[in-house]
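In what follows, a structure is listed as structure tokens, so that the remarks can point back to it.
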Amino acid sequence: MDFSITPDQRLMQDSLIRTLAGASSLDRVRRFAGDADDKGADIHAALADFGLTGIVIPEEFGGLGLRLLDAALAAEALGRSVSPGPFLGAYVLAPLALRLAGSKAQQSEWLPKIASGEIIAGVAIAEPVAGARDGAGVTASGGKLSGKALFVTDALIADIFIVAAQAGDLHLVRGDAAGLTRSAMTTIDQTRPLGEVGFDGTPAEPLAGGVHALDSLRDAGWTLLAADTLGAAQVMIEKAVDYAKERRQFGRVIGSFQAVKHMCAEMAAELEPCRSLVWYAAYAFDDAPGEASLTAAHAKAHLSEVGRFIARTATEVHGGMGITDLLGLHFWFKRIGLNRQLLGGPERVRRLAAQIQGLTA
Amino acid sequence: MDLRLTPEMEAFRDEVRTFLANHRDHYAGEAGARPREAALQWQRLLIDNGYAARTIPKAYGGYGAEPDILKTRIIAEEFTRAGAPRGFANQGISMLVPTLLEVGSEDQKKRWIGPTLRGEVVWCQGYSEPGAGSDLASLQTKAVEDGEDFVISGSKIWTSTAAQADMIFCLVRTEPDAAKHDGISYILFPMTTPGIEVRPLKTMTGSAEFNEVFFTDVRVPQSAVVGGRGRGWFVANATLKHERGMLGDPNATEARMHSLIELMKSETVDGERLIDNPVMCDRLMQLQARVMAQKFNGLRLLTSSMTGEPAGMAGLVVKLQGCELNHQIAALAIDALGELGVLYEDGPHLRAKGSWQWNYMFDLGLIIGGGTAQIQKNIIAERGLALPREPKLASV
């Protein structure tokens with residue numbers, strides 16, 4: 001028994017960080033963010049080569065058969081490099097939905113294709129998890145879906161969709177199904193394309209696993225968003241500290257001023273315990289299911305708060321340079337900003353955290 | 001990550017649970033600096049069964065078990081669950097004992113560790129001085145060599161339990177001509193030695209949790225130095241490391257969180273439970289997440305201390321974060337109680353004997369003591385992030 005990640009996991013994460021330094025360099029991210037026609041095919045290919053497409057898919061379906069903790073370590077690496085490319089929805093939540101709620105036939109049909117990188121699966125679970133706004137929400141009736149879903153991952157490029165209806169039931173919809181429409185949603189974070197998907201009597205096949213499967217998808221999503229913020233925030237601290245060691249004013253490096261030094265220390269002190277919280281939430285998903293929902297909620301809400309503090313403080317340490325496009329720090333700032341709201345902002349998640357442990361009704 | 005319980009660990013949990021159930025009548029907490037006989041008996045019972053001084057070698061009066069992160073956790077969990085008092089956590093046990101184990105002579109270990117663990121010898125810590133707080137190494141209490149002895153003069157402040165203590169572990173300047181950090185020795189002597197005067201230092205809580213201690217020609221044998229003459233600064237730093245751990249103990253924080261949740265579930269205002277107030281509940285959940293993160297950070301630290309990997313940043317943040325968290329938990333309890341939260345000392349409406357207010361004030365002292373929050377941030381920045389030290393003034 002131990003509370004640490006294994007040497008193999010460390011190796012995997014380091015190797016992914018190196019891969020992304022090439023495949024998803026800041027220059028590459030910048031081009032992706034600035035060009036709506038850039039679908040990031042080369043980045044997808046690099047993620048697929050690394051095996052991320054099949055990270056949580058069982059080996060019998062061509063995946064790596066790893067656990068959510070491994071996926072969280074990958075998410076941390078992706079957050080570090082503000083990497084574009086389908087991950088959270090396409091390679092983790094969609095396969096999990098099939099694993100948890102799909103029939104054997106559905107699993108056999110789709111999991112190998114996801115694992116090989118042949119198809120991308122969009123995930124539409126925002127409304128039943130984070131609440132329905134602007135009249136969004138999907139209803140299912142007689143094998144057909146109606147309504148619209150917002151903040152759908154990889155909405156424009158997805159070949160199939162996993163859709164949660166308002167009642168919590170899950171459905172699988174083909175990208176070319178009748179009555180399905182899609183459009184881009186422009187967010188602050190241009191590294192992770194989201195979209196709106198409309199359904200108008202659109203044929204869908206149910207994933208029979210039902211409401212509990214959606215809770216698990218939510219827990220996994222919360223945990224991975226927290227992990228992504230962990231990685232992004234860690235980089236922002238590193239960049240702030242490096243800058244504070246180089247930038248000279250009043251004849252000294254600014255990192256020798258306690259006003260600046262303490263900003264750096266506060267960021268590090270806030271983030272370090274978060275690492276253990278994220279690890280544990282991810283571990284609990286597979287190995288301590290009774291604690292999974294509560295720890296995932298706390299990881300999501302707490303990393304949202306700590307992430308916001310670090311995004312702002314690290315930017316301030318950089319002075320005026322911090323807010324320039326040239327420096328590019330804003331990619332991390334925005335990534336953290338998106339993670340905070342996706343699948344529920346911290347206030348909503350904390351309300352659920354109290355309910356999950358039976359403290360409130 | 002593998003926190004699964006093997007059948008052996010399940011059996012261990014049952015064993016702890018059975019012990020706690022069978023000894024419910026013997027529960028007796030530390031309550032004050034000088035433990036009562038019942039508390040001394042409870043402590044001995046805990047050591048004999050491996051629930052206190054668990055990894056201290058048998059030869060020195062401990063239980064002599066191998067460090068085991070999971071068993072440590074199970075013990076902590078079961079004691080919290082049963083509401084049973086944990087083993088003593090005074091300065092002698094938390095700070096002096098680990099220091100002696102690290103740098104003490106065989107004779108010092110044999111002589112002091114056992115009685116300290118059993119609560120028979122109570123210690124106080126003589127570090128801070130009126131002119132040496134955060135800049136501890138500038139301390140001026142001098143120890144002048146005289147034959148086989150040192151003769152000590154000067155004064156210490158913030159000395160908790162000095163009035164009750166049998167012994168003091170004390171920093172004194174033995175080499176006045178050496179550089180600031182090289183002239184200090186770490187020395188042990190009885191508080192009954194002639195020439196020691198203790199004056200209570202009353203704080204904002206209304207009681208005197210600390211003292212001032214004055215030394216006038218206090219004669220102490222040179223053999224009482226720990227870790228070598230002039231090495232006191234390095235010995236003290238080993239101790240401060242343990243103090244930072246003690247002051248940020250996540251188990252204590254978790255227990256307090258548990259009390260806060262119980263409070264907010266049971267107390268009502270206008271017939272509504274405090275926890276059903278969305279604002280209060282949100283604050284509670286924010287703190288619970290932090291407590292959880294601290295707890296898992298603690299488990300990670302235990303793992304790295306077993307594997308011998310450097311704890312790095314995870315260890316440096318414990319005191320800063322833990323003390324702040326304790327203070328905020330007390331603050332929320334007071335706010336949730338509202339007007340009842342300001343009651344103090346005694347009275348028909350008082351809750352928890354006024355301990356939330358007491359903690360709120362005392363914990364502010366702990367944020368300052370044991371290395372202020374600002375000093376902790378310097379340590380995190382300089383040792384953890386390799387940021388430069390504050391430049392020295394040209395002339396001081």
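Note on naming: chains are A, B, ... as they come in the structure tokens, residues start from 1 per chain, ligands start from 1 in the order shown.
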Q) Which neighbours of Pro130 in chain B fall inside 7 Å, counting only C-alpha atoms, when residues of the same chain fewer than 3 positions from it are skipped, and could you give them as a list of chain:residue names? A) B:Gly133, B:Lys156, B:Ile157
List as a Markdown table every residue of chain B that is in contact with chain A, defined as an atom at most 7 Å from one of its atoms (using only C-alpha atoms), together with the nearest atom pair and the distance in Å rounded to one decimal, sorted by chain and then rising number.
| residue | atom | partner | partner_atom | distance |
| --- | --- | --- | --- | --- |
| B:Met1 | CA | A:Phe3 | CA | 4.9 |
| B:Asp2 | CA | A:Met1 | CA | 4.8 |
| B:Leu3 | CA | A:Met1 | CA | 5.1 |
| B:Arg4 | CA | A:Met1 | CA | 6.7 |
| B:Leu70 | CA | A:Met1 | CA | 6.9 |
| B:Asp276 | CA | A:Thr360 | CA | 6.3 |
| B:Asp282 | CA | A:Arg350 | CA | 6.2 |
| B:Met285 | CA | A:Arg350 | CA | 5.9 |
| B:Ala289 | CA | A:His298 | CA | 5.0 |
| B:Met292 | CA | A:Leu277 | CA | 6.9 |
| B:Ala293 | CA | A:Leu277 | CA | 4.9 |
| B:Gln294 | CA | A:Pro273 | CA | 5.8 |
| B:Phe296 | CA | A:Ser276 | CA | 5.3 |
| B:Asn297 | CA | A:Pro273 | CA | 5.2 |
| B:Leu299 | CA | A:Phe3 | CA | 6.2 |
| B:Arg300 | CA | A:Phe3 | CA | 5.2 |
| B:Thr303 | CA | A:Phe3 | CA | 5.9 |
| B:Met313 | CA | A:Glu272 | CA | 6.8 |
| B:Ala314 | CA | A:Glu272 | CA | 5.9 |
| B:Val317 | CA | A:Ala269 | CA | 5.3 |
| B:Lys377 | CA | A:Ala265 | CA | 5.3 |
| B:Asn378 | CA | A:His262 | CA | 6.9 |
| B:Ile380 | CA | A:Ala265 | CA | 5.6 |
| B:Ala381 | CA | A:Ala265 | CA | 5.0 |
| B:Leu387 | CA | A:Gly255 | CA | 6.0 |
| B:Pro388 | CA | A:Ser256 | CA | 5.2 |
| B:Arg389 | CA | A:Ser256 | CA | 5.9 |
| B:Glu390 | CA | A:Ser256 | CA | 5.3 |
Restrict the selected residues to C-alpha atoms and save them as an mmCIF file, in the first residue's frame.
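again-v3.cif, written as the output of this step:
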data_model
loop_
_atom_site.group_PDB
_atom_site.id
_atom_site.type_symbol
_atom_site.label_atom_id
_atom_site.label_comp_id
_atom_site.auth_asym_id
_atom_site.auth_seq_id
_atom_site.Cartn_x
_atom_site.Cartn_y
_atom_site.Cartn_z
ATOM 1 C CA MET B 1 -1.348 4.484 -5.514
ATOM 2 C CA ASP B 2 -2.636 1.463 -3.747
ATOM 3 C CA LEU B 3 -4.623 2.072 -0.605
ATOM 4 C CA ARG B 4 -6.548 -1.155 -0.628
ATOM 5 C CA LEU B 70 -1.473 2.295 6.381
ATOM 6 C CA ASP B 276 -28.969 24.224 5.388
ATOM 7 C CA ASP B 282 -20.630 26.616 0.776
ATOM 8 C CA MET B 285 -17.486 22.638 1.674
ATOM 9 C CA ALA B 289 -11.919 20.279 0.323
ATOM 10 C CA MET B 292 -9.057 16.657 2.383
ATOM 11 C CA ALA B 293 -6.168 17.985 0.291
ATOM 12 C CA GLN B 294 -4.085 18.422 3.467
ATOM 13 C CA PHE B 296 -3.865 13.342 1.294
ATOM 14 C CA ASN B 297 -0.774 15.533 1.222
ATOM 15 C CA LEU B 299 -0.355 10.529 3.326
ATOM 16 C CA ARG B 300 1.946 11.393 0.450
ATOM 17 C CA THR B 303 4.932 7.516 1.835
ATOM 18 C CA MET B 313 7.413 21.146 -1.588
ATOM 19 C CA ALA B 314 4.792 18.809 -0.106
ATOM 20 C CA VAL B 317 3.758 23.836 2.944
ATOM 21 C CA LYS B 377 6.710 31.748 2.699
ATOM 22 C CA ASN B 378 10.383 32.700 2.615
ATOM 23 C CA ILE B 380 8.896 27.845 0.508
ATOM 24 C CA ALA B 381 10.222 30.435 -1.942
ATOM 25 C CA LEU B 387 14.188 32.166 -5.404
ATOM 26 C CA PRO B 388 16.998 34.410 -4.129
ATOM 27 C CA ARG B 389 17.298 35.442 -0.496
ATOM 28 C CA GLU B 390 16.653 39.015 0.520
#
- Item | One-decimal distance in Å that lies between CA of Leu64 in chain A and CA of Leu78 in chain A |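 Straight-line distance from CA of Leu78 in chain A to CA of Leu64 in chain A works out to 18.2 Å.
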If you run DSSP on this backbone, which residues of range 70-280 of chain B come out as strand (DSSP E or B), and could you give them as an MDAnalysis selection string? chainID B and resid 123:126 129 132 142:146 149:157 167:173 184:190 196:201 210:221 225:226 268:269 272:273
Practice item. Find the residues around Gly201 in chain A up to 12 Å (only C-alpha atoms counted), leave out those fewer than 6 positions away in its own chain, and share them as an MDAnalysis selection string. Key: chainID A and resid 138:148 173 177:181
Keeping only C-alpha atoms, take the residues you just selected and write them out as a tab-separated table (two decimals), in the first residue's frame.
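Dumped everything to selection25.tsv:
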chain	number	residue	atom	x	y	z
A	138	VAL	CA	-32.34	17.10	-24.57
A	139	THR	CA	-35.36	14.84	-24.20
A	140	ALA	CA	-35.63	11.27	-25.43
A	141	SER	CA	-38.79	9.63	-26.65
A	142	GLY	CA	-39.36	6.54	-28.75
A	143	GLY	CA	-35.74	6.21	-29.79
A	144	LYS	CA	-35.49	9.82	-30.90
A	145	LEU	CA	-33.83	12.86	-29.35
A	146	SER	CA	-35.06	16.44	-29.41
A	147	GLY	CA	-33.65	19.67	-28.05
A	148	LYS	CA	-30.19	21.09	-27.97
A	173	VAL	CA	-26.13	9.25	-31.83
A	177	ALA	CA	-28.14	11.09	-38.09
A	178	ALA	CA	-31.20	12.88	-39.41
A	179	GLY	CA	-32.02	16.20	-37.80
A	180	LEU	CA	-28.63	16.64	-36.13
A	181	THR	CA	-27.12	20.08	-36.49
Find the residues near Ala333 in chain B: any atom within 9 Å, counting only C-alpha atoms, skip ones fewer than 2 places away on the same chain, and give them as a list in words. Leu260, Leu263, Met264, Gln328, Ile329, Ala330, Ala331, Asp335, Ala336, Leu337, Gly338, Gly341, Trp356 and Gln357 of chain B
Exercise. Return as a PyMOL selection string the full set of residues in range 188-260 of chain A whose backbone-based DSSP assignment is alpha helix (DSSP H).
Key: chain A and resi 211-246+258-260
